[in-house]
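Remarks on the structure that follows.
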Amino acid sequence: MLEELSRSALETYGEERSGEARLQIALGAAATAVWRVSQEPLDPLGNEPLPTHG
Amino acid sequence: MAEASPAVALHELTAAQAARLIREREVSPVELVENLLARAAEIDGRVQAWVSLDAERALAAARTAEQAARQDVDLPPLHGVPFGAKDIYDSFGIKTAAGFRPYANRIPTTDAEPIARLKRSGAILLGKMVTTQFAHADPSRTRNPWADDRTPGGSSSGSAAGVATRLVPIALGSQTAGSVLRPAAFNGVIGFKPTYGRISKRGVFPLAWTLDHVGLLARSVDDCGLFLTAVAGHDPADPSSANQQLPVLELDTEFPAPRLGIVREALHYAAPRMAEHIAQVIARFEAAGARIVEVSLGEPLDLILAVHHVIMQTEVAAAHWQLIEQYPGSHEPRLRAYVEVGRLLPGAIYLHAQRLRRRIRSAMRRSIAGVDALLLPTAGDVAPARDTTGDPSLQAPFSLTGFPSLSLPSGIGAPEGLPLAIQLVAEPWQEPRLLSVGRWCEAQLPPMPAPPLFR
């Protein structure tokens with residue numbers, strides 16, 4: 001996931017910006033979160049993703 | 001009008017105390033406002049809680065309030081009580097910049113709805129309080145009044161430090177991950193975040209629409225009740241506002257010793273000294289009659305935080321990428337990187353996270369079903385160093401699910417002498433129960449004084 005996001009960052013923001021430490025930290029944290037979310041299966045026919053009140 | 005009593009300085013009054021004394025004509029709203037303005041002039045250079053004070057308008061409002069108090073008329077609940085507002089709340093005639101330089105001279109022509117409702121309840125806006133830029137994670141200039149080398153937390157840093165140092169009795173904050181409860185914990189004050197949808201956000205700068213909550217920094221649970229009564233209620237002009245009636249709060253009624261669910265995952269996450277502190281708090285509560293059971297959040301904490309992260313980062317990117325293009329170089333480094341990466345996250349993952357959010361909410365409802373409230377540390381440890389605003393991992397789960405949460409100062413941690421805090425969480429729309437439990441717990445805990453350098 002990190003590789004995919006890093007590639008996307010390189011294409012979108014260029015080599016210099018995508019190599020900066022702050023962006024690398026944000027990429028790492030996002031990749032971990034995206035990977036964890038993607039590991040969790042859900043019934044494809046289940047509820048739609050409406051944001052709802054508590 | 002005479003001052004409250006020789007024993008209590010005006011700046012020490014909570015909002016509930018001030019409201020009562022003003023109603024009884026024991027305290028003058030003008031003297032109270034003048035006292036707080038003088039205190040700001042004396043100490044805010046060291047705290048850096050205020051962005052701006054609106055002395056002229058506040059004094060004019062106080063004079064009007066004083067005249068009304070002299071007459072035998074029904075006064076609104078917060079009549080003459082000063083409050084502060086985080087600088088992401090629009091305020092009529094007062095600069096509102098959200099910590100963003102291009103907005104330095106932005107002067108709204110209307111009040112954000114929570115400010116308008118507080119004013120209608122008689123409260124007086126004293127000024128605007130420092131926020132991290134757009135309520136995100138880059139540290140602000142506000143100092144932690146307990147220790148200058150520590151963060152005051154964020155993003156409601158000015159609101160929390162200002163209430164802690166008695167610059168103002170109550171202040172509006174906001175929470176998307178942990179931005180009300182965490183600074184409350186680090187500054188030794190109360191933080192209250194009602195249910196998502198309970199309070200209108202119209203006129204408040206968005207950070208992440210489905211996670212943003214209006215909240216309060218205060219020094220008593222009674223103040224939270226007064227605040228909630230003043231600002232709760234449906235606002236058809238805010239799509240996130242729910243049409244839910246707030247039951248009458250009867251905080252004066254004695255609440256029986258509560259059943260509390262201690263959250264297993266939070267104890268495992270916390271630093272050993274925090275876990276030890278929570279064990280001491282539990283022993284104190286049990287001795288007073290509370291029943292404590294161990295509960296789980298029902299889903300793994302790392303999953304809950306990952307879901308929160310994906311949703312927040314995607315929404316922050318959607319809310320802010322145009323501003324970054326419009327005002328290049330004006331965003332703080334963490335926020336800029338967060339938005340840039342947020343724009344790269346796949347839409348399908350955002351929607352998957354929103355569906356998981358629904359499942360997490362259901363699991364959390366089951367966990368809380370058998371108790372009056374969940375109990376856990378507000379933060380995993382005391383305030384860390386100033387290069388961060390702290391870790392939101394123990395507050396964010398309830399921003400994700402929208403459950404109401406309350407942070408209470410619960411002691412001072414050795415060896416640094418920094419505040420510790422517990423967090424209580426109730427089912428959605430159960431703020432009356434949450435505040436009743438909070439009031440019971442508040443009575444069992446030692447009172448939290450002002451930070452030593454600001455007494």
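Residue names in the structure tokens use chain letters A, B, ... in the order shown, residue numbers from 1 in each chain, and ligand numbers from 1 in the order shown.
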Proximal residues of chain A relative to chain B (only C-alpha atoms; 6 Å) as number ranges by chain: A: 23, 26, 33, 49, 54
Keeping N, CA and C atoms for every residue in the selection just given, could you write it to a file as a PDB file, in the first residue's frame?
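File written: selection.pdb
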```pdb
ATOM      1  N   LEU A  23       6.037  14.721   4.192  1.00  0.00           N
ATOM      2  CA  LEU A  23       5.125  13.987   3.313  1.00  0.00           C
ATOM      3  C   LEU A  23       5.332  12.483   3.469  1.00  0.00           C
ATOM      4  N   ALA A  26       3.488  11.333   6.519  1.00  0.00           N
ATOM      5  CA  ALA A  26       2.041  11.276   6.256  1.00  0.00           C
ATOM      6  C   ALA A  26       1.709  10.075   5.363  1.00  0.00           C
ATOM      7  N   ALA A  33      -3.047   2.869   7.740  1.00  0.00           N
ATOM      8  CA  ALA A  33      -4.498   2.936   7.990  1.00  0.00           C
ATOM      9  C   ALA A  33      -5.275   2.308   6.832  1.00  0.00           C
ATOM     10  N   PRO A  49     -22.870   3.169   2.860  1.00  0.00           N
ATOM     11  CA  PRO A  49     -22.022   3.905   3.824  1.00  0.00           C
ATOM     12  C   PRO A  49     -22.534   5.307   4.121  1.00  0.00           C
ATOM     13  N   GLY A  54     -25.069   9.573  15.637  1.00  0.00           N
ATOM     14  CA  GLY A  54     -24.794   8.617  16.702  1.00  0.00           C
ATOM     15  C   GLY A  54     -25.841   7.559  16.820  1.00  0.00           C
TER      16      GLY A  54
END
```
With a distance cut-off of 9 Å and only C-alpha atoms, select the neighbouring residues of Ser159 of chain B, excluding the residue or stretch itself and same-chain residues fewer than 2 positions from it, and output the selection as number ranges by chain. B: 49-50, 84-86, 128-131, 156-157, 161-164, 168, 170-173, 180, 183-184, 216-217
Looking only at strand (DSSP E) from DSSP on the backbone, list the matching residues of segment 150-291 of chain B as a PyMOL selection string. chain B and resi 170-175+190-193+213-218+259-263+291
Would you export the selected residues with C-alpha atoms as a PDB file, in the first residue's frame, please?
```pdb
ATOM      1  CA  ILE B 170     -15.972  28.536  29.907  1.00  0.00           C
ATOM      2  CA  ALA B 171     -14.780  28.397  26.311  1.00  0.00           C
ATOM      3  CA  LEU B 172     -15.992  26.802  23.101  1.00  0.00           C
ATOM      4  CA  GLY B 173     -13.689  24.199  21.565  1.00  0.00           C
ATOM      5  CA  SER B 174     -14.122  21.662  18.797  1.00  0.00           C
ATOM      6  CA  GLN B 175     -13.184  18.008  18.358  1.00  0.00           C
ATOM      7  CA  ILE B 190     -13.187  19.575  32.089  1.00  0.00           C
ATOM      8  CA  GLY B 191     -13.782  18.786  28.417  1.00  0.00           C
ATOM      9  CA  PHE B 192     -17.258  17.951  27.115  1.00  0.00           C
ATOM     10  CA  LYS B 193     -18.153  16.709  23.644  1.00  0.00           C
ATOM     11  CA  HIS B 213     -18.074  18.231  17.010  1.00  0.00           C
ATOM     12  CA  VAL B 214     -18.735  21.404  18.965  1.00  0.00           C
ATOM     13  CA  GLY B 215     -17.467  21.067  22.546  1.00  0.00           C
ATOM     14  CA  LEU B 216     -16.792  22.941  25.768  1.00  0.00           C
ATOM     15  CA  LEU B 217     -13.897  23.552  28.125  1.00  0.00           C
ATOM     16  CA  ALA B 218     -15.081  24.276  31.658  1.00  0.00           C
ATOM     17  CA  ARG B 259     -22.276   1.266  36.970  1.00  0.00           C
ATOM     18  CA  LEU B 260     -19.122   1.927  34.990  1.00  0.00           C
ATOM     19  CA  GLY B 261     -17.502  -0.151  32.271  1.00  0.00           C
ATOM     20  CA  ILE B 262     -13.739   0.068  32.374  1.00  0.00           C
ATOM     21  CA  VAL B 263     -12.440  -0.240  28.812  1.00  0.00           C
ATOM     22  CA  ARG B 291     -20.015  -0.949  40.428  1.00  0.00           C
TER      23      ARG B 291
END
```
Any idea what the distance is between atom CA of Ala383 of chain B and atom CA of Arg150 of chain B?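 Straight-line distance from atom CA of Ala383 of chain B to atom CA of Arg150 of chain B works out to 5.9 Å.
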d(atom CA of Pro194 of chain B, atom CA of Cys441 of chain B) in Å: 17.8 Å
What's around segment 16-21 of chain A at 10 Å? Count only C-alpha atoms, leave out sequence neighbours fewer than 3 positions away in its own chain, and write the answer as a PyMOL selection string. (chain A and resi 6-13+24-27) or (chain B and resi 337+340-341)
To test your reading of the structure, identify every residue in chain A that backbone DSSP assigns to helix (DSSP H, G or I), and report it as a PyMOL selection string. chain A and resi 2-18+21-38
Report as a ChimeraX atom specification all protein, DNA and RNA residues lying within 12 Å of Asp387 of chain B, evaluated on only C-alpha atoms, omitting residues in the same chain fewer than 5 positions from it. /B:137-141,143,148-154,334
What is the distance between atom CA of Ala41 of chain B and atom CA of Ala147 of chain B, in Å to one decimal?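 Computed distance, atom CA of Ala41 of chain B to atom CA of Ala147 of chain B, equals 20.7 Å.
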Restricting the calculation to only C-alpha atoms: of B:His79, B:Thr314, B:Asn243, B:Gly45, which residue gets closest to Ala30 of chain A?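 Between B:His79, B:Thr314, B:Asn243, B:Gly45, the residue approaching Ala30 of chain A most closely is B:Thr314.
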Which of these, B:Leu32, B:Leu126, B:Ala319, B:Ile115, has the shortest distance to Asp54 of chain B once you count only C-alpha atoms? B:Leu126
